[in-house]
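*Asks:* What follows is data.txt; its format and atoms are compact mmCIF, C-alpha atoms.
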# COMPACT_ATOMS: atom_id res chain seq x y z
CA MET A 8 92.21 73.72 130.44
CA SER A 9 95.72 74.22 129.11
CA LEU A 10 97.79 71.18 128.18
CA ARG A 11 99.79 71.51 131.39
CA ASP A 12 96.61 71.63 133.50
CA ASN A 13 95.20 68.67 131.59
CA MET A 14 98.24 66.56 132.35
CA ALA A 15 98.24 67.59 136.01
CA PHE A 16 94.51 67.01 136.52
CA GLY A 17 94.77 63.49 137.99
CA LEU A 18 97.50 64.62 140.38
CA ARG A 19 95.36 67.57 141.52
CA MET A 20 92.52 65.14 142.29
CA ARG A 21 95.02 63.17 144.39
CA ARG A 22 95.90 66.40 146.24
CA LYS A 23 99.51 66.53 145.12
CA CYS A 24 101.28 69.85 145.71
CA ARG A 25 101.55 72.46 142.95
CA THR A 26 105.30 71.95 142.53
CA GLU A 27 104.94 68.18 142.09
CA ARG A 28 102.08 68.65 139.63
CA ALA A 29 104.03 71.14 137.54
CA ALA A 30 107.14 68.93 137.43
CA MET A 31 105.16 65.86 136.35
CA ALA A 32 103.17 67.84 133.76
CA ASP A 33 106.40 69.14 132.22
CA ALA A 34 107.82 65.61 132.17
CA MET A 35 104.66 64.35 130.40
CA LEU A 36 104.89 67.15 127.82
CA VAL A 37 108.41 65.97 126.98
CA LEU A 38 107.28 62.32 126.92
CA VAL A 39 104.66 62.94 124.21
CA GLY A 40 106.73 65.44 122.22
CA LEU A 41 104.82 68.59 123.22
CA GLU A 42 107.48 70.31 125.32
CA GLY A 43 107.17 74.11 125.35
CA ARG A 44 103.46 73.95 124.51
CA GLY A 45 102.05 73.63 128.02
CA GLU A 46 99.97 76.82 127.80
CA ARG A 47 98.25 75.80 124.56
CA ARG A 48 94.66 74.58 124.51
CA PRO A 49 93.55 71.18 123.12
CA HIS A 50 91.50 72.72 120.29
CA GLY A 51 94.76 73.99 118.76
CA LEU A 52 96.19 70.46 118.41
CA SER A 53 95.82 67.77 115.78
CA GLY A 54 93.76 64.67 116.52
CA GLY A 55 96.88 62.63 117.17
CA GLN A 56 98.29 65.22 119.54
CA ARG A 57 95.02 65.33 121.50
CA GLN A 58 95.18 61.57 121.93
CA CYS A 59 98.74 61.92 123.21
CA VAL A 60 97.59 64.50 125.75
CA ALA A 61 94.90 62.10 126.99
CA LEU A 62 97.52 59.35 127.28
CA ALA A 63 99.91 61.63 129.15
CA ARG A 64 97.15 62.67 131.58
CA ALA A 65 96.56 59.00 132.41
CA LEU A 66 100.29 58.26 132.74
CA ALA A 67 100.92 61.24 135.02
CA VAL A 68 99.43 59.35 138.00
CA GLU A 69 101.97 56.55 137.38
CA PRO A 70 99.59 53.58 137.00
CA ASP A 71 100.87 50.00 137.03
CA VAL A 72 98.38 49.02 134.31
CA LEU A 73 96.78 51.29 131.72
CA LEU A 74 93.75 50.31 129.61
CA LEU A 75 93.57 51.86 126.14
CA ASP A 76 90.31 51.31 124.24
CA GLU A 77 91.07 51.87 120.53
CA PRO A 78 92.93 55.16 121.09
CA PRO A 79 93.73 55.82 117.40
CA GLY A 80 90.25 54.74 116.25
CA ALA A 81 89.06 58.21 115.19
CA LEU A 82 92.26 59.13 113.33
CA ASP A 83 93.01 58.77 109.64
CA LEU A 84 95.37 56.05 108.43
CA LYS A 85 98.53 58.20 108.38
CA LEU A 86 97.92 59.53 111.91
CA ARG A 87 97.02 56.06 113.20
CA ARG A 88 100.33 54.67 112.00
CA GLN A 89 102.21 57.62 113.48
CA MET A 90 100.47 57.16 116.82
CA ARG A 91 101.23 53.42 116.87
CA ALA A 92 104.93 54.19 116.70
CA GLU A 93 104.60 56.82 119.43
CA LEU A 94 102.63 54.43 121.68
CA LYS A 95 105.24 51.71 121.28
CA ASP A 96 108.01 54.15 122.16
CA ILE A 97 106.10 55.46 125.20
CA GLU A 98 105.41 51.91 126.41
CA ARG A 99 109.13 51.12 126.34
CA ARG A 100 110.10 54.29 128.18
CA VAL A 101 107.38 54.20 130.86
CA GLY A 102 107.58 50.50 131.68
CA ALA A 103 103.89 50.16 132.67
CA THR A 104 101.68 47.37 131.33
CA PHE A 105 99.40 48.59 128.54
CA VAL A 106 96.22 46.62 127.83
CA HIS A 107 95.38 47.79 124.33
CA VAL A 108 91.93 46.92 122.95
CA THR A 109 91.61 47.08 119.16
CA HIS A 110 89.77 45.60 116.19
CA ASP A 111 92.70 46.55 113.94
CA GLN A 112 94.98 43.53 113.47
CA GLU A 113 97.77 45.66 111.98
CA GLU A 114 97.66 47.88 115.05
CA ALA A 115 97.87 44.89 117.40
CA MET A 116 100.81 43.43 115.50
CA ALA A 117 102.63 46.78 115.45
CA ILE A 118 102.28 47.47 119.17
CA ALA A 119 101.81 44.28 121.20
CA ASP A 120 104.36 42.05 122.87
CA ARG A 121 101.58 39.58 123.71
CA ILE A 122 98.26 39.17 121.87
CA VAL A 123 94.91 37.83 123.04
CA VAL A 124 92.41 36.99 120.29
CA MET A 125 88.86 37.08 121.66
CA ASN A 126 85.64 35.70 120.16
CA ALA A 127 82.29 36.14 121.94
CA SER A 128 84.13 36.93 125.22
CA ARG A 129 86.25 33.76 125.00
CA PHE A 130 90.02 33.55 124.51
CA GLU A 131 90.67 31.88 121.14
CA ASP A 132 94.43 32.30 121.27
CA VAL A 133 97.02 33.86 123.58
CA GLY A 134 100.73 34.41 123.12
CA PRO A 135 103.49 36.36 121.37
CA LEU A 136 102.65 37.51 117.86
CA ARG A 137 104.62 34.77 116.10
CA ASP A 138 102.90 32.04 118.15
CA VAL A 139 99.45 33.47 117.49
CA ASN A 140 100.13 33.87 113.78
CA LEU A 141 102.21 30.73 113.08
CA PRO A 142 100.43 28.46 113.74
CA PRO A 143 97.12 29.73 115.15
CA LYS A 144 95.04 27.58 117.51
CA SER A 145 91.68 28.01 115.74
CA LEU A 146 90.15 28.94 112.41
CA PHE A 147 88.70 32.10 113.97
CA ALA A 148 92.11 33.22 115.26
CA ASP A 149 93.73 32.44 111.91
CA SER A 150 91.17 34.37 109.87
CA PHE A 151 91.04 37.26 112.36
CA MET A 152 94.80 37.82 112.41
CA GLY A 153 95.03 37.88 108.63
CA GLU A 154 93.24 36.84 105.47
CA VAL A 155 93.16 33.12 104.73
CA ASN A 156 91.83 30.83 102.01
CA PRO A 157 89.67 28.25 103.84
CA ILE A 158 89.63 24.96 101.89
CA PRO A 159 87.69 22.00 103.33
CA VAL A 160 89.52 18.67 103.69
CA ALA A 161 87.41 15.54 104.23
CA SER A 162 88.50 11.90 103.96
CA GLY A 163 91.69 12.88 102.15
CA HIS A 164 89.93 15.04 99.53
CA THR A 165 89.62 18.76 98.78
CA PRO A 166 87.38 20.41 96.16
CA PHE A 167 90.32 20.32 93.70
CA GLY A 168 91.47 16.74 94.34
CA PRO A 169 92.93 14.18 96.78
CA VAL A 170 95.51 15.25 99.38
CA LEU A 171 97.56 13.58 102.09
CA LEU A 172 96.21 15.73 104.91
CA PRO A 173 94.04 15.17 108.00
CA ASP A 174 90.40 16.24 107.97
CA GLY A 175 89.79 19.90 108.78
CA THR A 176 90.20 23.24 107.03
CA LEU A 177 93.30 23.91 104.96
CA CYS A 178 94.24 27.59 105.44
CA PRO A 179 96.96 28.99 103.17
CA ARG A 180 97.34 32.76 103.31
CA PRO A 181 97.14 34.75 100.04
CA ALA A 182 100.88 35.53 100.11
CA ALA A 183 101.67 31.79 100.37
CA ILE A 184 99.97 30.90 97.07
CA SER A 185 102.29 31.01 94.08
CA ALA A 186 103.54 29.10 91.05
CA THR A 187 106.38 27.68 93.17
CA GLY A 188 104.30 26.48 96.13
CA SER A 189 105.19 22.93 97.17
CA PHE A 190 101.60 21.95 98.07
CA HIS A 191 99.97 21.49 94.66
CA ILE A 192 96.59 23.15 94.08
CA GLY A 193 96.56 22.76 90.30
CA PHE A 194 95.73 24.93 87.33
CA CYS A 195 93.79 28.06 88.31
CA ARG A 196 92.09 30.74 86.22
CA VAL A 197 92.50 34.42 87.15
CA LEU A 198 89.10 36.05 87.74
CA ASP A 199 90.10 39.63 88.56
CA VAL A 200 93.16 41.66 89.55
CA ALA A 201 93.57 44.80 91.71
CA PHE A 202 96.69 46.86 92.44
CA PHE A 203 97.06 47.60 96.18
CA GLY A 204 100.32 49.58 96.09
CA THR A 205 102.45 47.13 98.06
CA HIS A 206 101.15 44.09 96.17
CA VAL A 207 98.80 42.86 93.45
CA ARG A 208 95.69 41.06 94.68
CA ALA A 209 94.16 38.43 92.42
CA HIS A 210 91.09 36.23 92.75
CA VAL A 211 91.60 32.82 91.15
CA THR A 212 89.57 29.63 90.85
CA PRO A 213 90.93 26.09 90.36
CA LEU A 214 89.84 24.60 87.04
CA ALA A 215 89.02 21.37 88.93
CA ALA A 216 86.79 23.26 91.44
CA PRO A 217 85.16 26.26 89.68
CA ASP A 218 83.01 27.04 92.77
CA LEU A 219 86.12 27.55 94.94
CA ARG A 220 87.49 31.09 94.98
CA LEU A 221 91.00 31.80 96.27
CA VAL A 222 92.89 35.03 96.94
CA GLU A 223 96.51 35.35 95.83
CA HIS A 224 98.94 38.19 96.60
CA LEU A 225 101.59 38.84 93.97
CA PRO A 226 104.58 41.21 93.77
CA GLN A 227 103.98 44.69 92.33
CA SER A 228 105.68 43.73 89.08
CA GLU A 229 103.30 40.83 88.40
CA ALA A 230 99.80 41.66 87.19
CA PRO A 231 98.23 38.77 85.26
CA GLU A 232 95.33 39.42 82.93
CA PRO A 233 91.87 38.09 83.89
CA GLY A 234 91.37 34.76 82.18
CA ALA A 235 95.02 33.74 82.37
CA VAL A 236 95.70 30.22 83.70
CA PHE A 237 98.54 29.32 86.08
CA ASP A 238 99.63 26.15 87.85
CA LEU A 239 99.58 27.15 91.54
CA GLY A 240 100.50 25.73 94.93
CA ALA A 241 100.84 26.82 98.55
CA GLU A 242 104.25 27.34 100.15
CA THR A 243 103.04 27.36 103.77
CA TYR A 244 99.70 26.34 105.27
CA VAL A 245 98.02 24.92 108.33
CA VAL A 246 95.11 22.48 108.74
CA LEU A 247 92.73 23.47 111.55
CA ASN A 248 89.96 21.39 113.09
CA ARG A 249 87.98 24.18 114.74
As a first step, turn the structure in this file into structure tokens.
*Replies:*
Amino acid sequence: MSLRDNMAFGLRMRRKCRTERAAMADAMLVLVGLEGRGERRPHGLSGGQRQCVALARALAVEPDVLLLDEPPGALDLKLRRQMRAELKDIERRVGATFVHVTHDQEEAMAIADRIVVMNASRFEDVGPLRDVNLPPKSLFADSFMGEVNPIPVASGHTPFGPVLLPDGTLCPRPAAISATGSFHIGFCRVLDVAFFGTHVRAHVTPLAAPDLRLVEHLPQSEAPEPGAVFDLGAETYVVLNR
């Protein structure tokens, strides 16, 4: 079918008149940025544009709630990011509730007003992004929403020394570990370094706990050599009991 017929399909199944179908299809073409292309066929579109057509077809019947199951999943990184922005804009303009299922944490954070973190069909955490991320309610939610460095705390001790913290798992994120961190970890040796474009990623191990491996994110301008030793700490962290 043409793009216009695709977008009007749900309305045709609901026996809406031709004039109403055509008006809504044209409105949906404008909504997803494909105005003037109603006679084109889906095979002539990019992957992102095809996903937008599928979204517009669902929106044309004016649902109160729309379920999206990983809509950008088959797209490459550039198209996924472009579609996230388009989805967020469409959500604001349409006003319907979108239930967006994804395994991509970056996607969830870019789109959602409210996040539900699920584990084995159970809700681990629910709330606005900032509440889910800082602080999380469980170790699973913390590690799922972003990389963490899990450090066991038992009877006031960690693998690298005594601490004044309750028992549980100390979870500083890689970006929180630095030479200026107020929570003292101690001298650490750099094991390896990788440049990730936006940051430098380093694996380090405390000299007092050589079996413990931590991840540190550094600014682009800082790239320590493997074997270098730095006195490190954590600026922000949380201790979780489950």
*Asks:* Have a look at atom CA of Gly55 of chain A and atom CA of Glu154 of chain A and let me know their distance in Å, one decimal.
*Replies:*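 Result for atom CA of Gly55 of chain A versus atom CA of Glu154 of chain A: 28.6 Å, one decimal.
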*Asks:* Any idea what's packed within 10 Å of Ala119 of chain A, counting all atoms listed in the file, ignoring anything in its chain fewer than 3 positions away? Could you give it as a list of chain:residue names?
*Replies:* A:Lys95, A:Glu98, A:Phe105, A:Val106, A:His107, A:Glu114, A:Ala115, A:Met116, A:Ile122, A:Val123, A:Pro135, A:Leu136
*Asks:* Let's have the selection written as a PDB file, in the coordinates of the input, with C-alpha atoms.
*Replies:*
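Just written: part-v9.pdb:
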ATOM      1  CA  LYS A  95     105.240  51.710 121.280  1.00  0.00           C
ATOM      2  CA  GLU A  98     105.410  51.910 126.410  1.00  0.00           C
ATOM      3  CA  PHE A 105      99.400  48.590 128.540  1.00  0.00           C
ATOM      4  CA  VAL A 106      96.220  46.620 127.830  1.00  0.00           C
ATOM      5  CA  HIS A 107      95.380  47.790 124.330  1.00  0.00           C
ATOM      6  CA  GLU A 114      97.660  47.880 115.050  1.00  0.00           C
ATOM      7  CA  ALA A 115      97.870  44.890 117.400  1.00  0.00           C
ATOM      8  CA  MET A 116     100.810  43.430 115.500  1.00  0.00           C
ATOM      9  CA  ILE A 122      98.260  39.170 121.870  1.00  0.00           C
ATOM     10  CA  VAL A 123      94.910  37.830 123.040  1.00  0.00           C
ATOM     11  CA  PRO A 135     103.490  36.360 121.370  1.00  0.00           C
ATOM     12  CA  LEU A 136     102.650  37.510 117.860  1.00  0.00           C
TER      13      LEU A 136
END
*Asks:* Here is a test: counting only C-alpha atoms, which residue of A:Asp96, A:Asp174, A:Glu223, A:Glu42 is nearest to Val155 of chain A?
*Replies:* A:Glu223
*Asks:* Pick from A:Pro142, A:Arg91, A:Gly51, A:Ala67: nearest to Arg19 of chain A, with all atoms listed in the file counted?
*Replies:*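 Closest candidate: A:Ala67.
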*Asks:* List every protein, DNA or RNA residue that has at least one atom no more than 9 Å from (92.7, 26.4, 116.8) in the file's coordinates, counting all atoms listed in the file, and write the result as a ChimeraX atom specification.
*Replies:* /A:131-132,142-149,247-249
*Asks:* Select, counting all atoms listed in the file, all protein, DNA and RNA residues no farther than 9 Å from (108.6, 22.5, 100.6) in file coordinates, and express the selection as an NGL selection string.
*Replies:* :A and (188-190 or 242-243)
*Asks:* Nearest residue to Gly234 of chain A out of A:His210, A:Leu219, A:Asp120, A:Asp33, using all atoms listed in the file?
*Replies:*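 Once distances to Gly234 of chain A are computed over all atoms listed in the file, the minimum belongs to A:His210.
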*Asks:* Taking into account all atoms listed in the file, which residue in the set A:Arg129, A:Arg11, A:Arg88, A:Arg180 is nearest to Asp111 of chain A?
*Replies:*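 Of A:Arg129, A:Arg11, A:Arg88, A:Arg180, the one nearest Asp111 of chain A is A:Arg88, counting all atoms listed in the file.
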*Asks:* So that I can check the surroundings of Leu82 of chain A, please list as a PyMOL selection string every protein, DNA and RNA residue that reaches within 12 Å of it, counting all atoms listed in the file and ignoring chain neighbours fewer than 5 positions away.
*Replies:* chain A and resi 53-58+77+87-91
*Asks:* Please produce a file of those selected residues containing C-alpha atoms, as a PDB file, keeping the file's coordinate frame.
*Replies:*
ATOM      1  CA  SER A  53      95.820  67.770 115.780  1.00  0.00           C
ATOM      2  CA  GLY A  54      93.760  64.670 116.520  1.00  0.00           C
ATOM      3  CA  GLY A  55      96.880  62.630 117.170  1.00  0.00           C
ATOM      4  CA  GLN A  56      98.290  65.220 119.540  1.00  0.00           C
ATOM      5  CA  ARG A  57      95.020  65.330 121.500  1.00  0.00           C
ATOM      6  CA  GLN A  58      95.180  61.570 121.930  1.00  0.00           C
ATOM      7  CA  GLU A  77      91.070  51.870 120.530  1.00  0.00           C
ATOM      8  CA  ARG A  87      97.020  56.060 113.200  1.00  0.00           C
ATOM      9  CA  ARG A  88     100.330  54.670 112.000  1.00  0.00           C
ATOM     10  CA  GLN A  89     102.210  57.620 113.480  1.00  0.00           C
ATOM     11  CA  MET A  90     100.470  57.160 116.820  1.00  0.00           C
ATOM     12  CA  ARG A  91     101.230  53.420 116.870  1.00  0.00           C
TER      13      ARG A  91
END
*Asks:* Which residues are near Pro157 of chain A? Cut-off 9 Å, all atoms listed in the file, ignore same chain within fewer than 2 positions. Put them as an mmCIF file with C-alpha atoms, in the coordinates of the input.
*Replies:*
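Written out: selection_21.cif:
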data_model
loop_
_atom_site.group_PDB
_atom_site.id
_atom_site.type_symbol
_atom_site.label_atom_id
_atom_site.label_comp_id
_atom_site.auth_asym_id
_atom_site.auth_seq_id
_atom_site.Cartn_x
_atom_site.Cartn_y
_atom_site.Cartn_z
ATOM 1 C CA LEU A 146 90.150 28.940 112.410
ATOM 2 C CA SER A 150 91.170 34.370 109.870
ATOM 3 C CA VAL A 155 93.160 33.120 104.730
ATOM 4 C CA PRO A 159 87.690 22.000 103.330
ATOM 5 C CA THR A 176 90.200 23.240 107.030
ATOM 6 C CA LEU A 177 93.300 23.910 104.960
ATOM 7 C CA CYS A 178 94.240 27.590 105.440
ATOM 8 C CA PRO A 179 96.960 28.990 103.170
ATOM 9 C CA ARG A 180 97.340 32.760 103.310
ATOM 10 C CA LEU A 221 91.000 31.800 96.270
#
*Asks:* Excluding Arg208 of chain A and any residue of its chain fewer than 4 positions from it, enumerate the residues within 6 Å of it, using only C-alpha atoms, and give them as a ChimeraX atom specification.
*Replies:* /A:200-201,223-224
*Asks:* What's the 12 Å shell around Pro173 of chain A, counting all atoms listed in the file, without same-chain residues fewer than 5 positions away, as a list in words?
*Replies:*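 In the requested form, the answer reads Pro159, Val160, Ala161, Ser162, Gly163, His164, Thr165, Val245, Val246, Leu247 and Asn248 of chain A.
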*Asks:* Considering all atoms listed in the file, can you say which of A:Cys59, A:Val236, A:Ala127, A:Ile192 comes closest to Gly168 of chain A?
*Replies:*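 For Gly168 of chain A, the nearest of the candidates is A:Ile192.
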*Asks:* Please compute the atom CA of Gln227 of chain A-atom CA of Ile118 of chain A distance, one decimal, in Å.
*Replies:*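 Value for the atom CA of Gln227 of chain A-atom CA of Ile118 of chain A distance: 27.0 Å.
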*Asks:* Rounded to one decimal place, report the atom CA of Pro181 of chain A-atom CA of Gly153 of chain A distance in Å.
*Replies:*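 A separation of 9.4 Å between them.
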